[in-house]
Amino acid sequence: MLTADIEKTYPAAKTLVKARAASRIHAKDATLYEFSDEARACAAGYMGWTDLATDPKCDLEAVRAFADEAVEAGIDTILLIGQGGSTQAPMTITKYNKHDSNRVKFRTLDSDSPVRVREMLTMCDPRRTLVVISSKSGGTIEPRMLLEAVRASFEKELGDHVVRHLVAITDPGSDLEAQARAEGWRAVFPGEPTVGGRFSALSVFGLVPAALAGIDLEAFMAHARQAEEACSEDAIDNPAIGLAAFLYDNYCRGRNKFSFLTPKRGRVLGLWIEQLVAESLGKEGQGVLPNIEIDPLLLTEDPGDRTVIMYQTQTDLWDERRNFEMSLAYIDPAIPRLSYRIDTVEELAEHFVMWEYATAMCGYLMGVCPFDQPDVAAAKAEVLGILENGEPAPAFDEVFTERVDMGRAEVSLAPMFEGCEDLHEALYALLSSIQPGDFFALNAFLPFTGEGRREAIEQIRHGVAESFGVSSCLEVGPRYLHSTGQLQKGGPNMGVFLILSADELKDIPLPEGCPAESLGQLAKAQAAGDLATLAKRGRRCVHLHLPDNSGVTLRLLAQVVDDVIADILTDRALAEAAALAEDEELAEATVVVEAAEASEAAVETEFAVEPEPVQAEAEVAEVPVEEGGSPEA
């Protein structure tokens, strides 16, 4: 059952109990969010998730039967296509369970990188693969385009029989549902319209993939029901109240970021938490930044703007467990922390419920609606506009490294960096703008597979974190557009963004009539749209479009960034030394002036002419005179 190692009870816990927030959320009482008409109306339409454990809104037996039939028919690979909330929970469940007993190979495709798509296709035998397209709206551009690419590949071997290898999970009435039913897909699972994507872990969006992987849905949902009962109680020991109070009270003290630490197996849970918290709370100038996959050595001294949330997971290797425990020992004890443990995949259900309830409570405390994502929609519209009207011209292009001519890179700038004439100057302006309390995000529309790619990108991220002492995030495009992208645009203006994209050496064309001509064009448009949306909100951002995405090109870019960081640190050190020298000169001058003034005062004192004494009026003493006598007698 849910237990947490928490240092103390935070004051906001009493506020939540007094407001009956937990029971009102469970009862779908939208008046909890009556701080604005818009928030209350949105909540009224999107609180269907609060009782999914006790009322799943789907036939669990039918889901299980479908999954069993597919496996018995020879399906051994599942390819899940989707974005954001439609894929994060399934990816968390199936990756966590992979170490134990997944009965099929489970792949998640949420990247429009042609490199990643080709890699996925080589790992799938179309005859034994079930393609699950997961999209609430049924119209999100990435799943639509990825479906076109995958379907075209599968049709080469399966022909018209490809439809028997397609499954749709979507809300009733969507275009995806209509297409699937008209073409006779293998199955269509209707979603619950009152459940938003990032709150859909216990709906068909999470349960169908879990059943295909072979997870016992009854045991999984039994854990969820226990958590729902605990998290809907108006009590100080409610685990969701404890988590919400921890996040909110530390947020009020300026700790608006939390570092998520876990052994390797649990990191996929961090991706789900990242989307839930960032997209739900990052709006109206507020927000809490989840910082996942970080080096604990960056926390040896308390930076003052972070907390730590740790997850122990079941780990078979002694060395891995020991290494994780040792890393925690270096964290500054002044940083507030919260610790949990997960041993089985079924226990994940408990933590889904706890985090959903806690996030909804944080929204109430912060006065923001946790169920909408206005800036995600704005970014989508920007991308569609670019695809229709053409990409904006870059500020300039150049051969970005002097060592080797790798081709010309295109550089686009936010308005505050206009006037920069080369990449070094642009990166210098961007990175030197980082101040204490900021965070750096590397928004990369690049493949993360292949030799040297991930390592080079991580070198950039960690170099910034270590050099400037700030949280540093590696965001995978286009996935982050549906998660932390909301916080980046709608949250506090504390982010510094380097957006990366690249030409494709072997692009994947899309059928005529698609919004984009190819997957590579779609990725570049998304990167350009992200810059435009961030810039409109006054964010500090630069978009660099590279001539290719090879490992060697990315390593050269990492070296360019390292050189820029070195120049910034050198210039800062010189400026500090000059300021110190100026202070010392001023102090010395002050001492000289004070000594001279003291000496002058001493001289004036020594040679001063004493003033004439003031003559007092003579006082005539009154002498008593006897009667008839003379005073002179």
# chains A, B, ... in the order shown; residues from 1 in each chain; ligands from 1

call {"tool": "residues_around", "arguments": {"residues": "region 503-511 of chain A", "least_positions_apart": "2", "cutoff": "6 Å", "atoms": "only C-alpha atoms", "output": "MDAnalysis selection string"}}
result
chainID A and resid 114 517:520 547:548

call {"tool": "residues_around", "arguments": {"residues": "Ile75 (chain A)", "least_positions_apart": "6", "cutoff": "10 Å", "atoms": "only C-alpha atoms", "output": "PyMOL selection string"}}
result
chain A and resi 67-69+103-105+125-130+165+212

call {"tool": "write_last_selection", "arguments": {"atoms": "N, CA and C atoms", "output": "mmCIF file, in the first residue's frame"}}
result
data_model
loop_
_atom_site.group_PDB
_atom_site.id
_atom_site.type_symbol
_atom_site.label_atom_id
_atom_site.label_comp_id
_atom_site.auth_asym_id
_atom_site.auth_seq_id
_atom_site.Cartn_x
_atom_site.Cartn_y
_atom_site.Cartn_z
ATOM 1 N N ALA A 67 -7.175 -9.312 -25.751
ATOM 2 C CA ALA A 67 -5.720 -9.444 -25.669
ATOM 3 C C ALA A 67 -5.298 -10.905 -25.767
ATOM 4 N N ASP A 68 -5.992 -11.776 -25.074
ATOM 5 C CA ASP A 68 -5.658 -13.204 -25.119
ATOM 6 C C ASP A 68 -5.833 -13.763 -26.527
ATOM 7 N N GLU A 69 -6.908 -13.366 -27.196
ATOM 8 C CA GLU A 69 -7.180 -13.870 -28.552
ATOM 9 C C GLU A 69 -6.085 -13.424 -29.516
ATOM 10 N N ARG A 103 4.474 -10.678 -22.170
ATOM 11 C CA ARG A 103 4.343 -11.846 -23.051
ATOM 12 C C ARG A 103 4.512 -11.463 -24.524
ATOM 13 N N VAL A 104 4.617 -10.184 -24.796
ATOM 14 C CA VAL A 104 4.877 -9.712 -26.155
ATOM 15 C C VAL A 104 5.978 -8.663 -26.098
ATOM 16 N N LYS A 105 6.594 -8.425 -27.249
ATOM 17 C CA LYS A 105 7.539 -7.303 -27.356
ATOM 18 C C LYS A 105 6.701 -6.041 -27.543
ATOM 19 N N ASP A 125 7.833 -7.679 -37.398
ATOM 20 C CA ASP A 125 7.367 -8.536 -38.494
ATOM 21 C C ASP A 125 5.892 -8.213 -38.695
ATOM 22 N N PRO A 126 5.511 -7.581 -39.808
ATOM 23 C CA PRO A 126 4.121 -7.154 -39.981
ATOM 24 C C PRO A 126 3.105 -8.272 -39.742
ATOM 25 N N ARG A 127 3.450 -9.499 -40.089
ATOM 26 C CA ARG A 127 2.492 -10.610 -39.930
ATOM 27 C C ARG A 127 2.226 -10.938 -38.469
ATOM 28 N N ARG A 128 3.138 -10.560 -37.590
ATOM 29 C CA ARG A 128 2.996 -10.909 -36.175
ATOM 30 C C ARG A 128 2.915 -9.657 -35.286
ATOM 31 N N THR A 129 2.621 -8.517 -35.903
ATOM 32 C CA THR A 129 2.590 -7.252 -35.170
ATOM 33 C C THR A 129 1.185 -6.672 -35.173
ATOM 34 N N LEU A 130 0.770 -6.182 -34.014
ATOM 35 C CA LEU A 130 -0.493 -5.466 -33.867
ATOM 36 C C LEU A 130 -0.162 -3.990 -33.665
ATOM 37 N N HIS A 165 -4.566 -5.848 -38.650
ATOM 38 C CA HIS A 165 -3.436 -5.628 -37.731
ATOM 39 C C HIS A 165 -3.500 -4.236 -37.105
ATOM 40 N N LEU A 212 -2.549 -6.574 -23.193
ATOM 41 C CA LEU A 212 -1.754 -7.183 -24.262
ATOM 42 C C LEU A 212 -0.391 -7.632 -23.742
#

call {"tool": "residues_around", "arguments": {"residues": "Ser137 (chain A)", "least_positions_apart": "6", "cutoff": "12 Å", "atoms": "only C-alpha atoms", "output": "number ranges by chain"}}
result
A: 82-83, 85-86, 143-144, 168-178, 190-193, 195-197

call {"tool": "select_by_dssp", "arguments": {"residues": "region 4-220 of chain A", "states": "strand (DSSP E or B)", "output": "ChimeraX atom specification"}}
result
/A:5-6,77-82,105-109,129-134,166-170,187-190

call {"tool": "write_last_selection", "arguments": {"atoms": "N, CA and C atoms", "output": "tab-separated table (two decimals), in the first residue's frame"}}
result
chain	number	residue	atom	x	y	z
A	5	ASP	N	8.10	8.14	2.96
A	5	ASP	CA	9.04	8.61	3.97
A	5	ASP	C	9.08	10.12	3.86
A	6	ILE	N	8.30	10.80	4.69
A	6	ILE	CA	8.17	12.25	4.62
A	6	ILE	C	8.67	12.86	5.93
A	77	THR	N	4.26	-8.96	-31.16
A	77	THR	CA	4.80	-7.60	-31.05
A	77	THR	C	3.65	-6.60	-31.09
A	78	ILE	N	3.70	-5.63	-30.18
A	78	ILE	CA	2.72	-4.54	-30.18
A	78	ILE	C	3.47	-3.25	-30.50
A	79	LEU	N	2.97	-2.51	-31.49
A	79	LEU	CA	3.52	-1.20	-31.83
A	79	LEU	C	2.47	-0.16	-31.49
A	80	LEU	N	2.71	0.59	-30.42
A	80	LEU	CA	1.76	1.60	-29.97
A	80	LEU	C	2.15	2.95	-30.55
A	81	ILE	N	1.22	3.55	-31.30
A	81	ILE	CA	1.45	4.86	-31.91
A	81	ILE	C	0.58	5.88	-31.19
A	82	GLY	N	1.17	6.97	-30.73
A	82	GLY	CA	0.39	8.00	-30.05
A	82	GLY	C	1.29	9.12	-29.58
A	105	LYS	N	6.59	-8.42	-27.25
A	105	LYS	CA	7.54	-7.30	-27.36
A	105	LYS	C	6.70	-6.04	-27.54
A	106	PHE	N	6.93	-5.05	-26.68
A	106	PHE	CA	6.09	-3.87	-26.70
A	106	PHE	C	6.93	-2.67	-27.12
A	107	ARG	N	6.54	-2.01	-28.22
A	107	ARG	CA	7.25	-0.86	-28.74
A	107	ARG	C	6.32	0.35	-28.72
A	108	THR	N	6.85	1.50	-28.35
A	108	THR	CA	6.09	2.74	-28.38
A	108	THR	C	6.71	3.69	-29.39
A	109	LEU	N	5.90	4.17	-30.34
A	109	LEU	CA	6.36	5.09	-31.37
A	109	LEU	C	5.68	6.43	-31.16
A	129	THR	N	2.62	-8.52	-35.90
A	129	THR	CA	2.59	-7.25	-35.17
A	129	THR	C	1.19	-6.67	-35.17
A	130	LEU	N	0.77	-6.18	-34.01
A	130	LEU	CA	-0.49	-5.47	-33.87
A	130	LEU	C	-0.16	-3.99	-33.66
A	131	VAL	N	-0.69	-3.13	-34.53
A	131	VAL	CA	-0.44	-1.70	-34.44
A	131	VAL	C	-1.63	-1.05	-33.73
A	132	VAL	N	-1.37	-0.46	-32.58
A	132	VAL	CA	-2.41	0.19	-31.79
A	132	VAL	C	-2.24	1.69	-31.93
A	133	ILE	N	-3.25	2.36	-32.51
A	133	ILE	CA	-3.21	3.81	-32.67
A	133	ILE	C	-4.06	4.41	-31.57
A	134	SER	N	-3.43	5.17	-30.70
A	134	SER	CA	-4.06	5.69	-29.49
A	134	SER	C	-4.12	7.20	-29.55
A	166	LEU	N	-4.65	-3.57	-37.25
A	166	LEU	CA	-4.81	-2.23	-36.72
A	166	LEU	C	-5.89	-2.20	-35.65
A	167	VAL	N	-5.59	-1.47	-34.55
A	167	VAL	CA	-6.53	-1.30	-33.44
A	167	VAL	C	-6.56	0.18	-33.10
A	168	ALA	N	-7.76	0.70	-32.84
A	168	ALA	CA	-7.91	2.10	-32.47
A	168	ALA	C	-8.40	2.22	-31.04
A	169	ILE	N	-7.77	3.14	-30.29
A	169	ILE	CA	-8.27	3.55	-28.98
A	169	ILE	C	-8.51	5.05	-29.09
A	170	THR	N	-9.76	5.46	-29.04
A	170	THR	CA	-10.11	6.85	-29.29
A	170	THR	C	-11.47	7.17	-28.71
A	187	ALA	N	-10.10	-4.00	-34.05
A	187	ALA	CA	-10.90	-3.62	-32.87
A	187	ALA	C	-10.88	-2.11	-32.72
A	188	VAL	N	-11.94	-1.60	-32.08
A	188	VAL	CA	-12.02	-0.19	-31.72
A	188	VAL	C	-12.45	-0.13	-30.25
A	189	PHE	N	-11.66	0.54	-29.42
A	189	PHE	CA	-11.98	0.69	-28.00
A	189	PHE	C	-12.32	2.15	-27.74
A	190	PRO	N	-13.57	2.44	-27.38
A	190	PRO	CA	-13.96	3.84	-27.14
A	190	PRO	C	-13.47	4.33	-25.78

call {"tool": "atom_distance", "arguments": {"atom1": "CA of Gly529 (chain A)", "atom2": "CA of Ala441 (chain A)"}}
result
16.1 Å

call {"tool": "closest_residue", "arguments": {"among": "A:Glu228, A:Glu38, A:Glu475, A:Glu274", "to": "Arg198 (chain A)", "atoms": "only C-alpha atoms"}}
result
A:Glu274

call {"tool": "closest_residue", "arguments": {"among": "A:Gly214, A:Arg20, A:Thr449, A:Val163", "to": "Arg118 (chain A)", "atoms": "only C-alpha atoms"}}
result
A:Thr449

call {"tool": "residues_around", "arguments": {"residues": "region 397-407 of chain A", "least_positions_apart": "2", "cutoff": "9 Å", "atoms": "only C-alpha atoms", "output": "list in words"}}
result
Pro394, Ala395, Ala409, Glu410, Val411, Ser412, Asp422, Leu423, His424, Leu546, Pro547, Asp548, Thr553, Leu556, Leu557 and Val560 of chain A

call {"tool": "write_last_selection", "arguments": {"atoms": "all heavy atoms", "output": "short mmCIF file (atom, residue, chain, number, x, y, z; two decimals), in the first residue's frame"}}
result
data_model
loop_
_atom_site.label_atom_id
_atom_site.label_comp_id
_atom_site.auth_asym_id
_atom_site.auth_seq_id
_atom_site.Cartn_x
_atom_site.Cartn_y
_atom_site.Cartn_z
N PRO A 394 15.24 31.76 -41.59
CA PRO A 394 16.09 31.88 -40.39
C PRO A 394 16.74 33.25 -40.32
O PRO A 394 16.79 33.99 -41.31
CB PRO A 394 17.13 30.78 -40.61
CG PRO A 394 17.21 30.61 -42.10
CD PRO A 394 15.81 30.86 -42.61
N ALA A 395 17.26 33.59 -39.15
CA ALA A 395 17.97 34.86 -39.00
C ALA A 395 19.25 34.86 -39.83
O ALA A 395 19.62 35.88 -40.43
CB ALA A 395 18.30 35.10 -37.52
N ALA A 409 24.24 25.40 -41.09
CA ALA A 409 23.18 25.31 -40.08
C ALA A 409 22.34 26.59 -40.14
O ALA A 409 22.87 27.68 -40.36
CB ALA A 409 23.78 25.15 -38.69
N GLU A 410 21.03 26.43 -39.95
CA GLU A 410 20.13 27.57 -39.93
C GLU A 410 19.87 27.97 -38.48
O GLU A 410 19.60 27.11 -37.63
CB GLU A 410 18.80 27.21 -40.61
CG GLU A 410 18.96 26.81 -42.07
CD GLU A 410 17.64 26.33 -42.66
OE1 GLU A 410 16.60 26.39 -41.96
OE2 GLU A 410 17.64 25.87 -43.81
N VAL A 411 19.93 29.27 -38.20
CA VAL A 411 19.76 29.77 -36.85
C VAL A 411 18.60 30.75 -36.82
O VAL A 411 18.59 31.73 -37.58
CB VAL A 411 21.04 30.45 -36.32
CG1 VAL A 411 20.86 30.88 -34.87
CG2 VAL A 411 22.24 29.50 -36.46
N SER A 412 17.62 30.48 -35.95
CA SER A 412 16.48 31.38 -35.76
C SER A 412 16.47 31.84 -34.31
O SER A 412 16.78 31.07 -33.40
CB SER A 412 15.17 30.66 -36.10
OG SER A 412 15.18 30.20 -37.43
N ASP A 422 26.31 35.46 -35.64
CA ASP A 422 26.81 34.11 -35.87
C ASP A 422 26.36 33.21 -34.73
O ASP A 422 25.82 33.68 -33.72
CB ASP A 422 28.34 34.07 -36.03
CG ASP A 422 29.07 34.65 -34.83
OD1 ASP A 422 28.70 34.32 -33.68
OD2 ASP A 422 30.02 35.44 -35.03
N LEU A 423 26.58 31.91 -34.90
CA LEU A 423 26.06 30.94 -33.94
C LEU A 423 26.72 31.12 -32.57
O LEU A 423 26.04 31.04 -31.54
CB LEU A 423 26.29 29.52 -34.44
CG LEU A 423 25.82 28.40 -33.51
CD1 LEU A 423 24.33 28.51 -33.22
CD2 LEU A 423 26.15 27.02 -34.10
N HIS A 424 28.02 31.35 -32.55
CA HIS A 424 28.70 31.52 -31.27
C HIS A 424 28.09 32.70 -30.50
O HIS A 424 27.82 32.59 -29.29
CB HIS A 424 30.20 31.77 -31.50
CG HIS A 424 31.00 31.84 -30.23
ND1 HIS A 424 31.03 32.96 -29.43
CD2 HIS A 424 31.79 30.91 -29.62
CE1 HIS A 424 31.80 32.73 -28.38
NE2 HIS A 424 32.28 31.49 -28.47
N LEU A 546 20.24 21.78 -37.89
CA LEU A 546 21.53 21.26 -38.34
C LEU A 546 21.43 20.66 -39.74
O LEU A 546 20.34 20.24 -40.17
CB LEU A 546 22.02 20.20 -37.36
CG LEU A 546 22.27 20.67 -35.92
CD1 LEU A 546 22.50 19.49 -35.01
CD2 LEU A 546 23.45 21.63 -35.89
N PRO A 547 22.56 20.56 -40.45
CA PRO A 547 22.53 19.97 -41.80
C PRO A 547 22.27 18.47 -41.79
O PRO A 547 21.86 17.91 -42.81
CB PRO A 547 23.92 20.29 -42.35
CG PRO A 547 24.78 20.53 -41.15
CD PRO A 547 23.88 21.13 -40.11
N ASP A 548 22.51 17.80 -40.69
CA ASP A 548 22.18 16.37 -40.56
C ASP A 548 22.17 16.02 -39.08
O ASP A 548 22.56 16.83 -38.23
CB ASP A 548 23.16 15.48 -41.33
CG ASP A 548 24.58 15.56 -40.77
OD1 ASP A 548 24.81 15.00 -39.68
OD2 ASP A 548 25.45 16.19 -41.40
N THR A 553 28.15 14.94 -36.18
CA THR A 553 27.68 16.32 -36.23
C THR A 553 27.23 16.79 -34.85
O THR A 553 27.54 17.91 -34.43
CB THR A 553 26.52 16.46 -37.23
OG1 THR A 553 26.99 16.12 -38.54
CG2 THR A 553 25.96 17.86 -37.25
N LEU A 556 30.24 17.46 -32.65
CA LEU A 556 30.85 18.75 -32.96
C LEU A 556 30.03 19.90 -32.38
O LEU A 556 30.58 20.88 -31.89
CB LEU A 556 31.00 18.90 -34.47
CG LEU A 556 32.13 18.10 -35.12
CD1 LEU A 556 32.03 18.17 -36.64
CD2 LEU A 556 33.49 18.60 -34.66
N LEU A 557 28.72 19.77 -32.43
CA LEU A 557 27.86 20.79 -31.83
C LEU A 557 28.11 20.86 -30.32
O LEU A 557 28.18 21.96 -29.75
CB LEU A 557 26.39 20.50 -32.10
CG LEU A 557 25.40 21.42 -31.39
CD1 LEU A 557 25.57 22.86 -31.85
CD2 LEU A 557 23.97 20.94 -31.60
N VAL A 560 31.07 22.86 -29.73
CA VAL A 560 30.80 24.28 -29.91
C VAL A 560 30.16 24.86 -28.65
O VAL A 560 30.54 25.93 -28.17
CB VAL A 560 29.90 24.50 -31.14
CG1 VAL A 560 29.40 25.95 -31.19
CG2 VAL A 560 30.64 24.15 -32.43
#

call {"tool": "atom_distance", "arguments": {"atom1": "CA of Gln226 (chain A)", "atom2": "CA of Ile25 (chain A)"}}
result
16.3 Å

call {"tool": "select_by_dssp", "arguments": {"residues": "region 279-355 of chain A", "states": "helix (DSSP H, G or I)", "output": "list in words"}}
result
Glu279, Ser280, Leu281, Pro296, Leu297, Leu298, Leu299, Trp318, Asp319, Glu320, Arg321, Arg322, Asn323, Phe324, Glu325, Met326, Ser327, Leu328, Val345, Glu346, Glu347, Leu348, Ala349, Glu350, His351, Phe352, Val353, Met354 and Trp355 of chain A

call {"tool": "closest_residue", "arguments": {"among": "A:Phe35, A:Ala182, A:Asp249, A:Leu269", "to": "Lys95 (chain A)", "atoms": "only C-alpha atoms"}}
result
A:Leu269

call {"tool": "decode", "arguments": {"residues": "region 341-351 of chain A", "atoms": "all heavy atoms", "output": "tab-separated table (two decimals), in the first residue's frame"}}
result
chain	number	residue	atom	x	y	z
A	341	ARG	N	8.38	3.77	-2.64
A	341	ARG	CA	8.90	2.50	-3.13
A	341	ARG	C	7.85	1.79	-3.96
A	341	ARG	O	6.67	1.78	-3.61
A	341	ARG	CB	9.34	1.61	-1.96
A	341	ARG	CG	9.94	0.29	-2.42
A	341	ARG	CD	10.49	-0.57	-1.30
A	341	ARG	NE	11.14	-1.75	-1.85
A	341	ARG	CZ	12.40	-1.79	-2.25
A	341	ARG	NH1	13.15	-0.71	-2.11
A	341	ARG	NH2	12.91	-2.89	-2.76
A	342	ILE	N	8.28	1.18	-5.06
A	342	ILE	CA	7.42	0.34	-5.90
A	342	ILE	C	8.13	-0.99	-6.13
A	342	ILE	O	9.28	-1.01	-6.58
A	342	ILE	CB	7.13	1.00	-7.26
A	342	ILE	CG1	6.27	2.25	-7.10
A	342	ILE	CG2	6.41	0.02	-8.19
A	342	ILE	CD1	5.97	2.95	-8.41
A	343	ASP	N	7.46	-2.08	-5.83
A	343	ASP	CA	8.06	-3.40	-6.01
A	343	ASP	C	7.48	-4.16	-7.19
A	343	ASP	O	8.17	-4.97	-7.81
A	343	ASP	CB	7.91	-4.23	-4.73
A	343	ASP	CG	8.86	-3.77	-3.63
A	343	ASP	OD1	10.00	-3.42	-3.95
A	343	ASP	OD2	8.44	-3.75	-2.46
A	344	THR	N	6.21	-3.96	-7.50
A	344	THR	CA	5.56	-4.74	-8.57
A	344	THR	C	4.86	-3.80	-9.54
A	344	THR	O	4.55	-2.65	-9.21
A	344	THR	CB	4.53	-5.71	-7.99
A	344	THR	OG1	3.44	-4.96	-7.43
A	344	THR	CG2	5.15	-6.59	-6.91
A	345	VAL	N	4.59	-4.31	-10.73
A	345	VAL	CA	3.90	-3.50	-11.72
A	345	VAL	C	2.49	-3.14	-11.26
A	345	VAL	O	1.97	-2.06	-11.58
A	345	VAL	CB	3.87	-4.22	-13.09
A	345	VAL	CG1	2.96	-5.45	-13.04
A	345	VAL	CG2	3.44	-3.28	-14.20
A	346	GLU	N	1.86	-4.04	-10.47
A	346	GLU	CA	0.52	-3.75	-9.97
A	346	GLU	C	0.52	-2.53	-9.05
A	346	GLU	O	-0.45	-1.78	-9.01
A	346	GLU	CB	-0.05	-4.97	-9.24
A	346	GLU	CG	-0.41	-6.15	-10.12
A	346	GLU	CD	0.80	-7.00	-10.49
A	346	GLU	OE1	1.86	-6.81	-9.85
A	346	GLU	OE2	0.70	-7.84	-11.41
A	347	GLU	N	1.62	-2.32	-8.33
A	347	GLU	CA	1.70	-1.17	-7.42
A	347	GLU	C	1.78	0.15	-8.18
A	347	GLU	O	1.50	1.21	-7.61
A	347	GLU	CB	2.91	-1.32	-6.49
A	347	GLU	CG	2.73	-2.43	-5.46
A	347	GLU	CD	3.95	-2.59	-4.58
A	347	GLU	OE1	4.92	-1.80	-4.73
A	347	GLU	OE2	3.96	-3.50	-3.74
A	348	LEU	N	2.14	0.10	-9.45
A	348	LEU	CA	2.12	1.32	-10.25
A	348	LEU	C	0.74	1.96	-10.24
A	348	LEU	O	0.61	3.18	-10.24
A	348	LEU	CB	2.53	1.03	-11.70
A	348	LEU	CG	4.01	0.97	-12.03
A	348	LEU	CD1	4.20	0.53	-13.47
A	348	LEU	CD2	4.69	2.31	-11.80
A	349	ALA	N	-0.30	1.13	-10.23
A	349	ALA	CA	-1.67	1.64	-10.25
A	349	ALA	C	-1.93	2.55	-9.05
A	349	ALA	O	-2.62	3.56	-9.16
A	349	ALA	CB	-2.67	0.48	-10.28
A	350	GLU	N	-1.38	2.20	-7.90
A	350	GLU	CA	-1.56	3.02	-6.71
A	350	GLU	C	-0.94	4.41	-6.90
A	350	GLU	O	-1.52	5.42	-6.51
A	350	GLU	CB	-0.89	2.34	-5.50
A	350	GLU	CG	-1.42	0.95	-5.19
A	350	GLU	CD	-0.63	0.30	-4.06
A	350	GLU	OE1	0.11	1.03	-3.37
A	350	GLU	OE2	-0.75	-0.93	-3.89
A	351	HIS	N	0.22	4.43	-7.51
A	351	HIS	CA	0.93	5.70	-7.68
A	351	HIS	C	0.31	6.55	-8.78
A	351	HIS	O	0.36	7.78	-8.71
A	351	HIS	CB	2.41	5.42	-7.90
A	351	HIS	CG	3.08	4.85	-6.69
A	351	HIS	ND1	3.76	5.63	-5.78
A	351	HIS	CD2	3.11	3.57	-6.20
A	351	HIS	CE1	4.20	4.86	-4.79
A	351	HIS	NE2	3.82	3.62	-5.03
